[in-house]
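Colleague: Take this structure first; my questions come after.
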Amino acid sequence: MTFKSNALTIIAALLAFPTVYFIIANLLNEMGIPGPYNLIGSFVESTGGREPLGWNINLLILCGPIAAILLTIFQFVKIEFHFSKEEFLLHFSVQKRWFPIIVTVASVLVVASIFFYMIGENCNC
């Protein structure tokens with residue numbers, strides 16, 4: 001069972017993009033390059049936002065890469081299963097579909113960076 005659709009992959013990439021941009025903008029801001037970070041604030045103000053980024057953008061930043069992983073993983077992982085009285089056979093194979101693989105790997109890296117940032121920020125070591 002696999003799904004083959006470039007539209008799903010594009011949607012997944014668009015779901016992961018705000019998180020990637022947010023992480024890069026924050027890293028550049030910490031290194032003294034505030035341009036991309038300030039662009040976020042001016043975008044929010046131009047769309048009528050008066051408060052800091054709300055819960056909806058936070059949900060997109062946290063859940064976007066996870067949704068991207070779920071949308072793309074089944075585009076290149078093929079799962080086959082067979083039942084019989086004696087055995088249950090489950091077979092996974094990876095197809096060479098590079099665009100979904102790249103989006104999935106990038107989304108996994110983004111989720112991992114958020115996870116390790118959360119651990120590092122909240123660790124009382």
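We label chains A, B, ... in the order they appear in the structure tokens, count residues from 1 in each chain, and number ligands from 1 in the order shown.
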Could you give me, as number ranges by chain, the residues within 8 Å of stretch 57-63 of chain A, counting only C-alpha atoms and dropping anything in the same chain fewer than 5 positions from it?

Modeller: A: 15-16, 18-19, 22, 111

Colleague: Could you pull out the strand (DSSP E or B) residues of chain A, going by DSSP on the backbone, and write them as a JSON list (two decimals) with N, CA and C atoms, in the first residue's frame?

Modeller:
[["chain", "number", "residue", "atom", "x", "y", "z"],
["A", 77, "VAL", "N", 7.54, 4.35, 1.10],
["A", 77, "VAL", "CA", 7.63, 3.09, 1.84],
["A", 77, "VAL", "C", 6.46, 2.20, 1.41],
["A", 78, "LYS", "N", 6.80, 1.05, 0.90],
["A", 78, "LYS", "CA", 5.80, 0.09, 0.45],
["A", 78, "LYS", "C", 5.64, -0.98, 1.52],
["A", 79, "ILE", "N", 4.41, -1.19, 1.95],
["A", 79, "ILE", "CA", 4.12, -2.16, 2.99],
["A", 79, "ILE", "C", 3.26, -3.26, 2.39],
["A", 80, "GLU", "N", 3.74, -4.47, 2.52],
["A", 80, "GLU", "CA", 2.98, -5.63, 2.04],
["A", 80, "GLU", "C", 2.82, -6.60, 3.20],
["A", 81, "PHE", "N", 1.62, -7.14, 3.34],
["A", 81, "PHE", "CA", 1.42, -8.13, 4.39],
["A", 81, "PHE", "C", 0.54, -9.26, 3.86],
["A", 82, "HIS", "N", 0.85, -10.45, 4.33],
["A", 82, "HIS", "CA", 0.12, -11.65, 3.93],
["A", 82, "HIS", "C", -0.20, -12.46, 5.19],
["A", 83, "PHE", "N", -1.41, -12.96, 5.23],
["A", 83, "PHE", "CA", -1.85, -13.79, 6.35],
["A", 83, "PHE", "C", -2.02, -15.23, 5.88],
["A", 88, "PHE", "N", 2.35, -14.90, 9.66],
["A", 88, "PHE", "CA", 1.98, -13.53, 9.32],
["A", 88, "PHE", "C", 3.22, -12.90, 8.72],
["A", 89, "LEU", "N", 3.16, -12.52, 7.45],
["A", 89, "LEU", "CA", 4.32, -12.00, 6.75],
["A", 89, "LEU", "C", 4.14, -10.50, 6.50],
["A", 90, "LEU", "N", 5.09, -9.72, 6.97],
["A", 90, "LEU", "CA", 5.06, -8.27, 6.81],
["A", 90, "LEU", "C", 6.36, -7.86, 6.13],
["A", 91, "HIS", "N", 6.24, -7.13, 5.03],
["A", 91, "HIS", "CA", 7.41, -6.78, 4.22],
["A", 91, "HIS", "C", 7.40, -5.28, 3.96],
["A", 92, "PHE", "N", 8.50, -4.61, 4.32],
["A", 92, "PHE", "CA", 8.68, -3.19, 4.04],
["A", 92, "PHE", "C", 9.73, -3.03, 2.95],
["A", 93, "SER", "N", 9.45, -2.14, 2.01],
["A", 93, "SER", "CA", 10.47, -1.80, 1.00],
["A", 93, "SER", "C", 10.41, -0.30, 0.74],
["A", 94, "VAL", "N", 11.55, 0.25, 0.37],
["A", 94, "VAL", "CA", 11.66, 1.68, 0.10],
["A", 94, "VAL", "C", 11.84, 1.88, -1.39]]

Colleague: So which residues of stretch 3-124 of chain A fall under helix (DSSP H, G or I) by DSSP, listed as a short mmCIF file (atom, residue, chain, number, x, y, z; two decimals) with N, CA, C and O atoms, in the first residue's frame?

Modeller:
data_model
loop_
_atom_site.label_atom_id
_atom_site.label_comp_id
_atom_site.auth_asym_id
_atom_site.auth_seq_id
_atom_site.Cartn_x
_atom_site.Cartn_y
_atom_site.Cartn_z
N ASN A 6 2.59 13.87 -6.26
CA ASN A 6 3.47 15.01 -6.03
C ASN A 6 2.73 16.15 -5.34
O ASN A 6 3.35 16.96 -4.66
N ALA A 7 1.41 16.22 -5.50
CA ALA A 7 0.64 17.26 -4.82
C ALA A 7 0.74 17.09 -3.31
O ALA A 7 0.89 18.07 -2.58
N LEU A 8 0.65 15.85 -2.83
CA LEU A 8 0.80 15.60 -1.39
C LEU A 8 2.19 15.98 -0.91
O LEU A 8 2.35 16.52 0.19
N THR A 9 3.19 15.72 -1.71
CA THR A 9 4.56 16.07 -1.32
C THR A 9 4.73 17.58 -1.27
O THR A 9 5.40 18.10 -0.37
N ILE A 10 4.15 18.29 -2.21
CA ILE A 10 4.23 19.76 -2.20
C ILE A 10 3.51 20.32 -0.99
O ILE A 10 4.00 21.23 -0.31
N ILE A 11 2.34 19.77 -0.66
CA ILE A 11 1.61 20.20 0.53
C ILE A 11 2.45 19.93 1.78
O ILE A 11 2.53 20.76 2.69
N ALA A 12 3.08 18.77 1.83
CA ALA A 12 3.93 18.43 2.98
C ALA A 12 5.11 19.40 3.10
O ALA A 12 5.45 19.84 4.20
N ALA A 13 5.73 19.74 1.97
CA ALA A 13 6.84 20.70 2.01
C ALA A 13 6.36 22.06 2.48
O ALA A 13 7.06 22.75 3.25
N LEU A 14 5.17 22.47 2.06
CA LEU A 14 4.61 23.75 2.52
C LEU A 14 4.27 23.72 4.00
O LEU A 14 4.36 24.75 4.68
N LEU A 15 3.89 22.57 4.53
CA LEU A 15 3.63 22.45 5.96
C LEU A 15 4.92 22.53 6.77
O LEU A 15 4.91 23.06 7.88
N ALA A 16 6.01 22.03 6.23
CA ALA A 16 7.29 22.04 6.95
C ALA A 16 8.02 23.37 6.80
O ALA A 16 8.85 23.73 7.64
N PHE A 17 7.75 24.12 5.73
CA PHE A 17 8.50 25.35 5.45
C PHE A 17 8.45 26.40 6.56
O PHE A 17 9.49 26.97 6.90
N PRO A 18 7.28 26.71 7.16
CA PRO A 18 7.28 27.73 8.21
C PRO A 18 8.19 27.39 9.39
O PRO A 18 8.84 28.27 9.95
N THR A 19 8.27 26.12 9.73
CA THR A 19 9.13 25.71 10.83
C THR A 19 10.60 25.88 10.46
O THR A 19 11.40 26.37 11.26
N VAL A 20 10.95 25.48 9.24
CA VAL A 20 12.33 25.65 8.78
C VAL A 20 12.70 27.13 8.77
O VAL A 20 13.77 27.51 9.25
N TYR A 21 11.81 27.97 8.25
CA TYR A 21 12.07 29.41 8.20
C TYR A 21 12.20 29.98 9.61
O TYR A 21 13.10 30.77 9.88
N PHE A 22 11.33 29.57 10.52
CA PHE A 22 11.36 30.06 11.89
C PHE A 22 12.66 29.69 12.58
O PHE A 22 13.27 30.52 13.27
N ILE A 23 13.12 28.45 12.41
CA ILE A 23 14.37 28.01 13.03
C ILE A 23 15.55 28.79 12.46
O ILE A 23 16.42 29.29 13.20
N ILE A 24 15.61 28.92 11.13
CA ILE A 24 16.72 29.65 10.50
C ILE A 24 16.70 31.11 10.89
O ILE A 24 17.75 31.71 11.20
N ALA A 25 15.52 31.73 10.93
CA ALA A 25 15.42 33.14 11.31
C ALA A 25 15.88 33.36 12.74
O ALA A 25 16.57 34.35 13.04
N ASN A 26 15.53 32.46 13.65
CA ASN A 26 15.96 32.59 15.03
C ASN A 26 17.46 32.38 15.18
O ASN A 26 18.10 33.08 15.97
N LEU A 27 18.01 31.41 14.46
CA LEU A 27 19.47 31.21 14.51
C LEU A 27 20.22 32.43 13.98
O LEU A 27 21.21 32.87 14.58
N LEU A 28 19.75 32.98 12.87
CA LEU A 28 20.40 34.17 12.31
C LEU A 28 20.24 35.36 13.25
O LEU A 28 21.18 36.17 13.39
N ASN A 29 19.10 35.49 13.91
CA ASN A 29 18.89 36.58 14.86
C ASN A 29 19.87 36.48 16.03
O ASN A 29 20.40 37.49 16.49
N GLU A 30 20.11 35.27 16.50
CA GLU A 30 21.06 35.08 17.60
C GLU A 30 22.50 35.35 17.16
O GLU A 30 23.33 35.70 18.00
N GLY A 35 17.43 40.45 10.16
CA GLY A 35 16.53 40.68 9.02
C GLY A 35 15.40 39.67 8.87
O GLY A 35 14.23 40.05 8.87
N PRO A 36 15.71 38.37 8.73
CA PRO A 36 14.62 37.39 8.56
C PRO A 36 13.69 37.32 9.77
O PRO A 36 12.49 37.13 9.62
N TYR A 37 14.23 37.51 10.97
CA TYR A 37 13.39 37.47 12.17
C TYR A 37 12.46 38.68 12.21
O TYR A 37 11.28 38.55 12.56
N ASN A 38 12.97 39.85 11.86
CA ASN A 38 12.14 41.05 11.83
C ASN A 38 11.07 40.97 10.75
O ASN A 38 10.01 41.57 10.89
N LEU A 39 11.35 40.25 9.69
CA LEU A 39 10.38 40.06 8.62
C LEU A 39 9.14 39.32 9.13
O LEU A 39 8.02 39.61 8.71
N ILE A 40 9.34 38.39 10.07
CA ILE A 40 8.20 37.68 10.66
C ILE A 40 7.29 38.66 11.37
O ILE A 40 6.07 38.65 11.20
N GLY A 41 7.88 39.55 12.19
CA GLY A 41 7.09 40.53 12.93
C GLY A 41 6.36 41.49 12.02
O GLY A 41 5.19 41.81 12.24
N SER A 42 7.03 41.96 10.98
CA SER A 42 6.37 42.90 10.07
C SER A 42 5.27 42.21 9.26
O SER A 42 4.26 42.82 8.94
N PHE A 43 5.45 40.93 8.95
CA PHE A 43 4.40 40.18 8.26
C PHE A 43 3.17 40.05 9.15
O PHE A 43 2.03 40.23 8.70
N VAL A 44 3.38 39.73 10.42
CA VAL A 44 2.26 39.59 11.35
C VAL A 44 1.53 40.93 11.51
O VAL A 44 0.30 40.99 11.52
N GLU A 45 2.28 42.02 11.60
CA GLU A 45 1.66 43.34 11.73
C GLU A 45 0.90 43.73 10.47
O GLU A 45 -0.18 44.32 10.54
N SER A 46 1.43 43.40 9.30
CA SER A 46 0.77 43.77 8.05
C SER A 46 -0.53 42.99 7.82
O SER A 46 -1.40 43.44 7.11
N TRP A 55 -1.48 31.06 18.90
CA TRP A 55 -1.46 29.62 19.04
C TRP A 55 -1.52 28.91 17.70
O TRP A 55 -1.00 27.81 17.56
N ASN A 56 -2.15 29.54 16.70
CA ASN A 56 -2.28 28.85 15.41
C ASN A 56 -0.93 28.71 14.71
O ASN A 56 -0.65 27.67 14.12
N ILE A 57 -0.08 29.73 14.78
CA ILE A 57 1.25 29.61 14.16
C ILE A 57 2.12 28.67 14.98
O ILE A 57 2.94 27.94 14.44
N ASN A 58 1.92 28.65 16.30
CA ASN A 58 2.68 27.70 17.12
C ASN A 58 2.29 26.27 16.79
O ASN A 58 3.15 25.38 16.76
N LEU A 59 1.01 26.03 16.56
CA LEU A 59 0.58 24.69 16.15
C LEU A 59 1.18 24.31 14.79
O LEU A 59 1.58 23.17 14.59
N LEU A 60 1.25 25.27 13.88
CA LEU A 60 1.84 25.00 12.58
C LEU A 60 3.33 24.69 12.72
O LEU A 60 3.84 23.77 12.07
N ILE A 61 4.02 25.43 13.57
CA ILE A 61 5.45 25.20 13.77
C ILE A 61 5.70 23.84 14.40
O ILE A 61 6.63 23.13 14.03
N LEU A 62 4.86 23.43 15.34
CA LEU A 62 5.06 22.15 16.01
C LEU A 62 4.50 20.97 15.21
O LEU A 62 5.13 19.92 15.12
N CYS A 63 3.32 21.14 14.64
CA CYS A 63 2.64 20.01 13.99
C CYS A 63 2.87 19.93 12.48
O CYS A 63 2.63 18.88 11.88
N GLY A 64 3.32 21.01 11.86
CA GLY A 64 3.55 21.01 10.42
C GLY A 64 4.53 19.96 9.96
O GLY A 64 4.22 19.18 9.03
N PRO A 65 5.73 19.88 10.58
CA PRO A 65 6.68 18.84 10.15
C PRO A 65 6.18 17.42 10.42
O PRO A 65 6.44 16.51 9.65
N ILE A 66 5.43 17.24 11.52
CA ILE A 66 4.88 15.91 11.81
C ILE A 66 3.85 15.53 10.76
O ILE A 66 3.84 14.40 10.27
N ALA A 67 3.00 16.47 10.39
CA ALA A 67 2.03 16.20 9.32
C ALA A 67 2.74 15.94 8.00
O ALA A 67 2.31 15.08 7.21
N ALA A 68 3.84 16.66 7.75
CA ALA A 68 4.61 16.44 6.52
C ALA A 68 5.19 15.02 6.48
O ALA A 68 5.18 14.37 5.43
N ILE A 69 5.66 14.56 7.61
CA ILE A 69 6.20 13.19 7.68
C ILE A 69 5.09 12.18 7.37
O ILE A 69 5.27 11.26 6.57
N LEU A 70 3.94 12.39 7.97
CA LEU A 70 2.82 11.45 7.76
C LEU A 70 2.31 11.49 6.32
O LEU A 70 1.89 10.46 5.78
N LEU A 71 2.37 12.66 5.68
CA LEU A 71 1.91 12.76 4.29
C LEU A 71 2.89 12.14 3.30
O LEU A 71 2.50 11.71 2.22
N THR A 72 4.18 12.12 3.64
CA THR A 72 5.17 11.67 2.66
C THR A 72 5.71 10.27 2.89
O THR A 72 6.16 9.63 1.94
N ILE A 73 5.67 9.77 4.10
CA ILE A 73 6.31 8.49 4.39
C ILE A 73 5.70 7.35 3.57
O ILE A 73 6.41 6.47 3.09
N PHE A 74 4.39 7.39 3.36
CA PHE A 74 3.75 6.30 2.63
C PHE A 74 3.82 6.48 1.12
O PHE A 74 3.26 5.67 0.38
N GLN A 75 4.52 7.52 0.67
CA GLN A 75 4.72 7.69 -0.76
C GLN A 75 5.93 6.90 -1.26
O GLN A 75 6.05 6.64 -2.45
N PHE A 76 6.84 6.56 -0.34
CA PHE A 76 8.01 5.81 -0.79
C PHE A 76 8.24 4.53 0.01
O PHE A 76 9.06 3.71 -0.37
N TRP A 98 12.67 10.36 -4.83
CA TRP A 98 13.56 11.25 -4.10
C TRP A 98 12.88 12.47 -3.51
O TRP A 98 13.25 12.90 -2.41
N PHE A 99 11.91 13.05 -4.17
CA PHE A 99 11.26 14.24 -3.62
C PHE A 99 10.57 13.95 -2.29
O PHE A 99 10.80 14.66 -1.30
N PRO A 100 9.74 12.90 -2.18
CA PRO A 100 9.15 12.59 -0.87
C PRO A 100 10.19 12.19 0.18
O PRO A 100 10.04 12.52 1.35
N ILE A 101 11.25 11.52 -0.24
CA ILE A 101 12.30 11.14 0.70
C ILE A 101 12.98 12.37 1.26
O ILE A 101 13.22 12.48 2.47
N ILE A 102 13.30 13.33 0.40
CA ILE A 102 13.96 14.56 0.85
C ILE A 102 13.06 15.35 1.80
O ILE A 102 13.52 15.84 2.84
N VAL A 103 11.78 15.46 1.47
CA VAL A 103 10.85 16.19 2.35
C VAL A 103 10.72 15.48 3.69
O VAL A 103 10.70 16.12 4.75
N THR A 104 10.67 14.15 3.68
CA THR A 104 10.57 13.39 4.92
C THR A 104 11.82 13.55 5.77
O THR A 104 11.73 13.79 6.98
N VAL A 105 12.99 13.43 5.16
CA VAL A 105 14.25 13.57 5.91
C VAL A 105 14.37 14.99 6.49
O VAL A 105 14.74 15.16 7.65
N ALA A 106 14.02 16.00 5.70
CA ALA A 106 14.08 17.37 6.20
C ALA A 106 13.11 17.57 7.36
O ALA A 106 13.45 18.22 8.37
N SER A 107 11.92 17.00 7.26
CA SER A 107 10.93 17.13 8.34
C SER A 107 11.39 16.40 9.60
O SER A 107 11.19 16.90 10.71
N VAL A 108 12.00 15.24 9.44
CA VAL A 108 12.53 14.51 10.59
C VAL A 108 13.64 15.32 11.26
O VAL A 108 13.70 15.40 12.50
N LEU A 109 14.51 15.93 10.47
CA LEU A 109 15.57 16.76 11.03
C LEU A 109 15.01 17.97 11.78
O LEU A 109 15.52 18.36 12.84
N VAL A 110 13.96 18.56 11.25
CA VAL A 110 13.32 19.70 11.91
C VAL A 110 12.71 19.27 13.24
O VAL A 110 12.88 19.93 14.27
N VAL A 111 12.00 18.14 13.24
CA VAL A 111 11.39 17.64 14.49
C VAL A 111 12.48 17.30 15.49
O VAL A 111 12.35 17.61 16.69
N ALA A 112 13.57 16.70 15.03
CA ALA A 112 14.68 16.38 15.94
C ALA A 112 15.32 17.64 16.51
O ALA A 112 15.64 17.68 17.71
N SER A 113 15.48 18.67 15.69
CA SER A 113 16.07 19.90 16.21
C SER A 113 15.17 20.57 17.24
O SER A 113 15.64 21.09 18.25
N ILE A 114 13.86 20.54 17.02
CA ILE A 114 12.92 21.08 18.01
C ILE A 114 12.98 20.26 19.29
O ILE A 114 13.00 20.81 20.40
N PHE A 115 13.05 18.95 19.17
CA PHE A 115 13.11 18.08 20.34
C PHE A 115 14.38 18.34 21.15
O PHE A 115 14.31 18.50 22.38
N PHE A 116 15.53 18.39 20.47
CA PHE A 116 16.78 18.61 21.20
C PHE A 116 16.87 20.03 21.76
O PHE A 116 17.45 20.25 22.82
N TYR A 117 16.29 21.00 21.07
CA TYR A 117 16.22 22.35 21.62
C TYR A 117 15.36 22.36 22.89
O TYR A 117 15.74 22.99 23.89
N MET A 118 14.24 21.66 22.86
CA MET A 118 13.38 21.59 24.04
C MET A 118 14.11 20.95 25.22
O MET A 118 14.03 21.43 26.34
N ILE A 119 14.85 19.87 24.96
CA ILE A 119 15.60 19.23 26.03
C ILE A 119 16.70 20.17 26.55
O ILE A 119 16.87 20.33 27.75
N GLY A 120 17.45 20.80 25.65
CA GLY A 120 18.51 21.67 26.06
C GLY A 120 18.02 22.92 26.79
O GLY A 120 18.66 23.39 27.74
N GLU A 121 16.90 23.45 26.39
CA GLU A 121 16.36 24.66 27.00
C GLU A 121 15.78 24.37 28.39
O GLU A 121 15.85 25.20 29.28
N ASN A 122 15.23 23.19 28.56
CA ASN A 122 14.55 22.86 29.82
C ASN A 122 15.34 21.95 30.74
O ASN A 122 14.84 21.58 31.80
#
